[in-house]
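K.L.:
Dropping a structure here in structure tokens format, bear with me for questions.
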Amino acid sequence: MIKNDLFLKALKGETVQRPPVWMMRQAGRYLPEFMALKDKYDFFTRCRTPELAAEITVQPIRIVKPDAAILFSDILVIPQAMNIEVEMKPGLGPWLPNPIRIAKDVDQVIVPDINEELGYVMDAIKLTKEMLNNEVPLIGFAGSPWTILCYAVEGKGSKSFDTAKGFCFSQPEAAHALLQKITDTTILYLKEKVKNGVNAVQIFDSWGGMLSPVDYQEFSWKYIYQIVEALAGETEVIVFGKGCWFALNDMAKSKASALGIDWTCSPKNARYLTGGNITLQGNFDPSRLLSPIPTIKKMVHEMIDAFGKDKYVVNLGHGILPNIPVDHAKAFIEAVKEYEHK
Ligand code: CP3
């Protein structure tokens, strides 16, 4: 049994003393303890070495003390396992030397044996669970098939991902074949993560908001839906679609336990669009953590009031930024813990 079960209770819609809190991308970036390891080991070494991945996962639990841990890894370990080369260039981000551009490229993509290609993730989960000692739940994650396609086709980060969109619109058959392979791999991967001990999973659709509402249905939601259907009986599933407020109504009708909200959608509008029954997670503007600490605390309390304390998980509206002072990240978490004494 997990000692602090606030997060799992909120995902199940149960009444809580105060809402739970964690931060997207809380493992790494802004923590000096992380930067020390980052200086010594390159990115995929950190991902592939269970001792390092586990240590980085528990760092924020010790330092900023959120109510859930998220496994240190990356959404791009999936394309890597599928025979798509992925590098992480320091200062630049993801770099794929041989991006997918035509149907023949999609034929080279495989649905791998998970334990053969991604066994290191499962080892990291087992070690992390030991280190967490049942103090807080552990979240596993994957990118949405659409967001993975964005990198696989574009070959790098982008402001608009128009090469990826162009591929989908000019070669829809190849795009759908690729999306289905990513979906099949992701389902196997997340099921294996659950088997190895994660208590919930989050699907990051970081680039869903690049698509129009109609295209979102065809190229993103169709595949996220399959993942949610496959996993919902086995664990709690959170779907976070950045910029995807237009899809919240459909998402709320799925078997997802919770939906992530970014800061461009007000709590009131998010509750309205989702029908008021499903647990919501979000949506503090990550840049707002640069405000003075008293302002952060006041705004967090206002955010909880606006979402309501139940069926709610406090989080940022996207990942924490590298330039956030650790004290400010701590204040964000503390503000939530102080809420019950208000
Ligand atoms: O909470 C956590 O920090 C857990 C680990 C985690 C990482 N990436 C580690 C990472 C998680 C949950 C991710 C998800 C991820 N990765 C997403 C979805 C979430 C989001 O932010 O939208 C995306 C789009 C990626 C792809 C990716 N990985 C990019 C664009 C970059 C470079 C820019 C950046 O974020 O720094 C990465 C590298 C990466 N993944 C780093 C970390 C800590 C930084 C590089 C490094 O540590 O060397």
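To be explicit about the labels: the chains of the structure tokens are called A, B, and onward in the order shown, and within each one the residues are counted from 1, while ligands get numbers from 1 in the order they are shown.
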Please, which residues have at least one atom within 8 Å of an atom of ligand 1, using only C-alpha atoms and all ligand atoms, listed as a VMD selection string?
P.N.:
chain A and resid 23 to 29 35 38 42 to 43 57 70 to 76 88 to 94 141 to 143 147 157 204 to 207 242 318 to 319 322
K.L.:
So which residues touch segment 269-286 of chain A within 6 Å, counting only C-alpha atoms, skipping near sequence neighbours fewer than 4 positions away, as a list in words?
P.N.:
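Within the cut-off, the hits are Leu248, Asn249, Ala252, Ala258, Leu259, Gly260, Ile261, Asp262, Trp263, Lys311, Tyr312, Val313, Val314, Asn315, Leu316, Gly317 and Ile320 of chain A.
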K.L.:
Would you save the residues of that selection, restricted to N, CA and C atoms, as a PDB file, in the first residue's frame?
P.N.:
```pdb
ATOM      1  N   LEU A 248     -11.417  18.299 -25.487  1.00  0.00           N
ATOM      2  CA  LEU A 248     -11.691  17.894 -24.105  1.00  0.00           C
ATOM      3  C   LEU A 248     -13.025  17.166 -23.952  1.00  0.00           C
ATOM      4  N   ASN A 249     -14.003  17.604 -24.729  1.00  0.00           N
ATOM      5  CA  ASN A 249     -15.317  16.977 -24.613  1.00  0.00           C
ATOM      6  C   ASN A 249     -15.269  15.490 -25.000  1.00  0.00           C
ATOM      7  N   ALA A 252     -13.285  13.509 -22.386  1.00  0.00           N
ATOM      8  CA  ALA A 252     -14.028  13.276 -21.137  1.00  0.00           C
ATOM      9  C   ALA A 252     -14.956  12.068 -21.256  1.00  0.00           C
ATOM     10  N   ALA A 258      -8.204  10.996 -15.863  1.00  0.00           N
ATOM     11  CA  ALA A 258      -8.004  12.440 -15.708  1.00  0.00           C
ATOM     12  C   ALA A 258      -7.508  13.052 -17.007  1.00  0.00           C
ATOM     13  N   LEU A 259      -7.737  14.350 -17.143  1.00  0.00           N
ATOM     14  CA  LEU A 259      -7.301  15.079 -18.331  1.00  0.00           C
ATOM     15  C   LEU A 259      -6.419  16.253 -17.917  1.00  0.00           C
ATOM     16  N   GLY A 260      -5.306  16.406 -18.607  1.00  0.00           N
ATOM     17  CA  GLY A 260      -4.412  17.529 -18.348  1.00  0.00           C
ATOM     18  C   GLY A 260      -4.903  18.771 -19.080  1.00  0.00           C
ATOM     19  N   ILE A 261      -4.763  19.922 -18.426  1.00  0.00           N
ATOM     20  CA  ILE A 261      -5.230  21.203 -18.979  1.00  0.00           C
ATOM     21  C   ILE A 261      -4.043  22.159 -19.025  1.00  0.00           C
ATOM     22  N   ASP A 262      -3.881  22.875 -20.127  1.00  0.00           N
ATOM     23  CA  ASP A 262      -2.803  23.877 -20.155  1.00  0.00           C
ATOM     24  C   ASP A 262      -3.359  25.236 -19.716  1.00  0.00           C
ATOM     25  N   TRP A 263      -2.487  26.232 -19.590  1.00  0.00           N
ATOM     26  CA  TRP A 263      -2.891  27.493 -18.953  1.00  0.00           C
ATOM     27  C   TRP A 263      -3.707  28.408 -19.863  1.00  0.00           C
ATOM     28  N   LYS A 311     -11.614  15.952  -7.361  1.00  0.00           N
ATOM     29  CA  LYS A 311     -11.469  15.635  -8.792  1.00  0.00           C
ATOM     30  C   LYS A 311     -10.488  16.594  -9.454  1.00  0.00           C
ATOM     31  N   TYR A 312      -9.403  16.814  -8.733  1.00  0.00           N
ATOM     32  CA  TYR A 312      -8.420  17.787  -9.214  1.00  0.00           C
ATOM     33  C   TYR A 312      -7.003  17.402  -8.780  1.00  0.00           C
ATOM     34  N   VAL A 313      -6.072  17.501  -9.690  1.00  0.00           N
ATOM     35  CA  VAL A 313      -4.641  17.289  -9.410  1.00  0.00           C
ATOM     36  C   VAL A 313      -3.923  18.590  -9.774  1.00  0.00           C
ATOM     37  N   VAL A 314      -3.301  19.215  -8.783  1.00  0.00           N
ATOM     38  CA  VAL A 314      -2.581  20.462  -9.059  1.00  0.00           C
ATOM     39  C   VAL A 314      -1.309  20.138  -9.859  1.00  0.00           C
ATOM     40  N   ASN A 315      -1.079  20.907 -10.902  1.00  0.00           N
ATOM     41  CA  ASN A 315       0.098  20.711 -11.733  1.00  0.00           C
ATOM     42  C   ASN A 315       0.351  22.013 -12.488  1.00  0.00           C
ATOM     43  N   LEU A 316       1.407  22.028 -13.267  1.00  0.00           N
ATOM     44  CA  LEU A 316       1.657  23.133 -14.181  1.00  0.00           C
ATOM     45  C   LEU A 316       0.858  22.857 -15.453  1.00  0.00           C
ATOM     46  N   GLY A 317       0.783  23.861 -16.319  1.00  0.00           N
ATOM     47  CA  GLY A 317       0.089  23.670 -17.596  1.00  0.00           C
ATOM     48  C   GLY A 317       0.986  23.063 -18.664  1.00  0.00           C
ATOM     49  N   ILE A 320       7.977  22.177 -16.237  1.00  0.00           N
ATOM     50  CA  ILE A 320       8.686  23.234 -15.519  1.00  0.00           C
ATOM     51  C   ILE A 320       9.871  23.700 -16.378  1.00  0.00           C
TER      52      ILE A 320
END
```
K.L.:
Find the residues around Ser291 of chain A up to 12 Å (only C-alpha atoms counted), leave out those fewer than 4 positions away in its own chain, and share them as a list in words.
P.N.:
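In the requested format, the answer is Phe284, Asp285, Pro286, Ser287, Thr295, Ile296, Lys297, Lys298, Met299, Val300, Ile324, Pro325, Asp327, His328, Ala329, Ala331 and Phe332 of chain A.
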K.L.:
Those selected residues, please, written with N, CA and C atoms and delivered as a PDB file, in the first residue's frame.
P.N.:
```
ATOM      1  N   PHE A 284      -1.182  25.671 -14.044  1.00  0.00           N
ATOM      2  CA  PHE A 284      -0.407  26.872 -13.712  1.00  0.00           C
ATOM      3  C   PHE A 284       0.585  27.171 -14.828  1.00  0.00           C
ATOM      4  N   ASP A 285       0.577  28.372 -15.321  1.00  0.00           N
ATOM      5  CA  ASP A 285       1.549  28.770 -16.348  1.00  0.00           C
ATOM      6  C   ASP A 285       2.968  28.577 -15.790  1.00  0.00           C
ATOM      7  N   PRO A 286       3.785  27.713 -16.403  1.00  0.00           N
ATOM      8  CA  PRO A 286       5.131  27.454 -15.864  1.00  0.00           C
ATOM      9  C   PRO A 286       5.947  28.735 -15.662  1.00  0.00           C
ATOM     10  N   SER A 287       5.748  29.742 -16.505  1.00  0.00           N
ATOM     11  CA  SER A 287       6.483  31.007 -16.366  1.00  0.00           C
ATOM     12  C   SER A 287       6.052  31.772 -15.124  1.00  0.00           C
ATOM     13  N   THR A 295       3.097  35.788  -4.411  1.00  0.00           N
ATOM     14  CA  THR A 295       2.182  35.798  -5.563  1.00  0.00           C
ATOM     15  C   THR A 295       1.897  34.365  -6.031  1.00  0.00           C
ATOM     16  N   ILE A 296       2.937  33.550  -6.086  1.00  0.00           N
ATOM     17  CA  ILE A 296       2.754  32.141  -6.488  1.00  0.00           C
ATOM     18  C   ILE A 296       1.735  31.480  -5.562  1.00  0.00           C
ATOM     19  N   LYS A 297       1.937  31.674  -4.255  1.00  0.00           N
ATOM     20  CA  LYS A 297       1.060  31.002  -3.284  1.00  0.00           C
ATOM     21  C   LYS A 297      -0.394  31.464  -3.414  1.00  0.00           C
ATOM     22  N   LYS A 298      -0.558  32.776  -3.607  1.00  0.00           N
ATOM     23  CA  LYS A 298      -1.905  33.323  -3.750  1.00  0.00           C
ATOM     24  C   LYS A 298      -2.568  32.756  -5.012  1.00  0.00           C
ATOM     25  N   MET A 299      -1.816  32.722  -6.089  1.00  0.00           N
ATOM     26  CA  MET A 299      -2.380  32.244  -7.359  1.00  0.00           C
ATOM     27  C   MET A 299      -2.696  30.748  -7.322  1.00  0.00           C
ATOM     28  N   VAL A 300      -1.891  29.993  -6.584  1.00  0.00           N
ATOM     29  CA  VAL A 300      -2.167  28.548  -6.456  1.00  0.00           C
ATOM     30  C   VAL A 300      -3.482  28.342  -5.701  1.00  0.00           C
ATOM     31  N   ILE A 324      13.683  28.110 -13.464  1.00  0.00           N
ATOM     32  CA  ILE A 324      12.869  28.340 -12.261  1.00  0.00           C
ATOM     33  C   ILE A 324      13.725  28.105 -11.007  1.00  0.00           C
ATOM     34  N   PRO A 325      13.784  29.106 -10.106  1.00  0.00           N
ATOM     35  CA  PRO A 325      14.527  28.893  -8.856  1.00  0.00           C
ATOM     36  C   PRO A 325      13.884  27.749  -8.050  1.00  0.00           C
ATOM     37  N   ASP A 327      13.535  27.339  -4.956  1.00  0.00           N
ATOM     38  CA  ASP A 327      12.650  27.865  -3.905  1.00  0.00           C
ATOM     39  C   ASP A 327      11.242  28.140  -4.415  1.00  0.00           C
ATOM     40  N   HIS A 328      11.147  28.557  -5.657  1.00  0.00           N
ATOM     41  CA  HIS A 328       9.842  28.861  -6.236  1.00  0.00           C
ATOM     42  C   HIS A 328       9.081  27.574  -6.546  1.00  0.00           C
ATOM     43  N   ALA A 329       9.810  26.554  -7.008  1.00  0.00           N
ATOM     44  CA  ALA A 329       9.173  25.250  -7.238  1.00  0.00           C
ATOM     45  C   ALA A 329       8.670  24.694  -5.902  1.00  0.00           C
ATOM     46  N   ALA A 331       7.801  26.466  -3.302  1.00  0.00           N
ATOM     47  CA  ALA A 331       6.668  27.280  -2.848  1.00  0.00           C
ATOM     48  C   ALA A 331       5.370  26.831  -3.520  1.00  0.00           C
ATOM     49  N   PHE A 332       5.480  26.438  -4.789  1.00  0.00           N
ATOM     50  CA  PHE A 332       4.310  25.952  -5.533  1.00  0.00           C
ATOM     51  C   PHE A 332       3.719  24.718  -4.834  1.00  0.00           C
TER      52      PHE A 332
END
```
K.L.:
So, counting only C-alpha atoms, which residue among A:Glu236, A:Asp113, A:Glu154, A:Asp107 is closest to Gly140 of chain A?
P.N.:
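Of the candidates, the smallest distance to Gly140 of chain A is held by A:Glu236.
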K.L.:
Would you please extract all strand (DSSP E) residues from segment 94-342 of chain A, as assigned by DSSP on the backbone, and give them as number ranges by chain?
P.N.:
A: 94-95, 138-143, 200-205, 236-241, 258-261, 279-284, 312-316
K.L.:
How would you write, as a PyMOL selection string, the set of residues in segment 101-245 of chain A that DSSP gives as alpha helix (DSSP H)?
P.N.:
chain A and resi 103-107+114-132+145-154+162-170+172-195+213-216+222-231
K.L.:
Point out the residue among A:Ile182, A:Asp5, A:Leu289, A:Pro79 with the least atom-to-atom distance to Lys330 of chain A, counting only C-alpha atoms.
P.N.:
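Residue with the minimum atom-to-atom distance to Lys330 of chain A: A:Leu289.
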K.L.:
Determine, counting only C-alpha atoms, which protein, DNA and RNA residues have an atom within 12 Å of an atom of Thr49 of chain A; residues of the same chain fewer than 2 positions away are not included. Present the result as a list in words.
P.N.:
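With the cut-off at 12 Å, the set is Leu37, Tyr41, Asp42, Phe43, Phe44, Thr45, Arg46, Cys47, Glu51, Leu52, Ala53, Ala54, Glu55, Ile56, Phe72, Ser73, Leu118, Gly119, Tyr120, Val121, Met122, Asp123, Ala124, Ile125, Leu127 and Thr128 of chain A.
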K.L.:
Tell me, as a list in words, which residues lie within 10 Å of Gln80 of chain A, counting only C-alpha atoms; anything in the same chain fewer than 6 positions away does not count.
P.N.:
Val86, Glu87, Leu96, Val109, Pro112, Glu117, Leu118 and Ala152 of chain A
K.L.:
Calculated over only C-alpha atoms, which of the candidates A:Leu190, A:Leu31, A:Ala177, A:Leu8 has the smallest distance to Asn323 of chain A?
P.N.:
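Of A:Leu190, A:Leu31, A:Ala177, A:Leu8, the one nearest Asn323 of chain A, counting only C-alpha atoms, is A:Leu31.
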K.L.:
I'd like to know which of A:Trp95, A:Tyr30, A:Trp22, A:Phe307 is closest to Ser158 of chain A, using only C-alpha atoms.
P.N.:
A:Trp95
K.L.:
Mind giving me the straight-line distance from atom CA of Phe7 of chain A to atom CA of Pro20 of chain A in Å, one decimal?
P.N.:
5.1 Å
K.L.:
Using only C-alpha atoms, which residues sit within 8 Å of Glu192 of chain A once same-chain residues fewer than 3 positions away are excluded, as JSON, numbers by chain?
P.N.:
{"A": [114, 122, 188, 189, 195, 196]}
K.L.:
Just give me the gap between atom CA of Lys65 of chain A and atom CA of Gly197 of chain A in Å, one decimal is fine.
P.N.:
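Computed distance, atom CA of Lys65 of chain A to atom CA of Gly197 of chain A, equals 20.5 Å.
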K.L.:
Using only C-alpha atoms, which residues sit within 10 Å of Val228 of chain A once same-chain residues fewer than 5 positions away are excluded, as number ranges by chain?
P.N.:
A: 187, 201-203, 223, 233, 235-239, 251, 254-257
K.L.:
Dump N, CA and C atoms for the selected residues as a tab-separated table (two decimals), in the first residue's frame?
P.N.:
```
chain	number	residue	atom	x	y	z
A	187	ILE	N	1.15	0.66	-26.47
A	187	ILE	CA	0.27	-0.16	-25.63
A	187	ILE	C	1.08	-1.26	-24.93
A	201	VAL	N	-0.39	6.09	-15.55
A	201	VAL	CA	0.40	6.49	-16.73
A	201	VAL	C	-0.17	7.79	-17.30
A	202	GLN	N	0.73	8.59	-17.85
A	202	GLN	CA	0.28	9.81	-18.52
A	202	GLN	C	0.72	9.78	-19.98
A	203	ILE	N	-0.21	10.14	-20.86
A	203	ILE	CA	0.12	10.25	-22.28
A	203	ILE	C	0.31	11.73	-22.58
A	223	TYR	N	-5.81	7.46	-32.09
A	223	TYR	CA	-4.76	6.56	-31.58
A	223	TYR	C	-4.64	6.64	-30.06
A	233	GLY	N	-8.35	-0.58	-17.97
A	233	GLY	CA	-8.70	-1.64	-17.02
A	233	GLY	C	-7.55	-1.98	-16.08
A	235	THR	N	-4.81	0.35	-15.12
A	235	THR	CA	-4.21	1.43	-14.33
A	235	THR	C	-4.99	2.72	-14.56
A	236	GLU	N	-4.58	3.77	-13.86
A	236	GLU	CA	-5.20	5.08	-14.08
A	236	GLU	C	-4.48	5.74	-15.26
A	237	VAL	N	-5.25	6.28	-16.19
A	237	VAL	CA	-4.66	6.90	-17.37
A	237	VAL	C	-4.97	8.40	-17.38
A	238	ILE	N	-3.92	9.21	-17.53
A	238	ILE	CA	-4.09	10.66	-17.65
A	238	ILE	C	-3.74	11.03	-19.09
A	239	VAL	N	-4.59	11.81	-19.73
A	239	VAL	CA	-4.28	12.29	-21.09
A	239	VAL	C	-4.02	13.79	-21.01
A	251	MET	N	-12.51	13.64	-25.04
A	251	MET	CA	-11.61	12.98	-24.08
A	251	MET	C	-12.38	12.60	-22.81
A	254	SER	N	-14.12	9.31	-22.74
A	254	SER	CA	-13.30	8.11	-22.83
A	254	SER	C	-13.10	7.50	-21.43
A	255	LYS	N	-12.31	6.44	-21.37
A	255	LYS	CA	-12.06	5.78	-20.08
A	255	LYS	C	-10.89	6.40	-19.32
A	256	ALA	N	-10.40	7.56	-19.78
A	256	ALA	CA	-9.31	8.22	-19.05
A	256	ALA	C	-9.77	8.57	-17.64
A	257	SER	N	-8.83	8.47	-16.66
A	257	SER	CA	-9.16	8.85	-15.28
A	257	SER	C	-9.08	10.35	-15.10
```
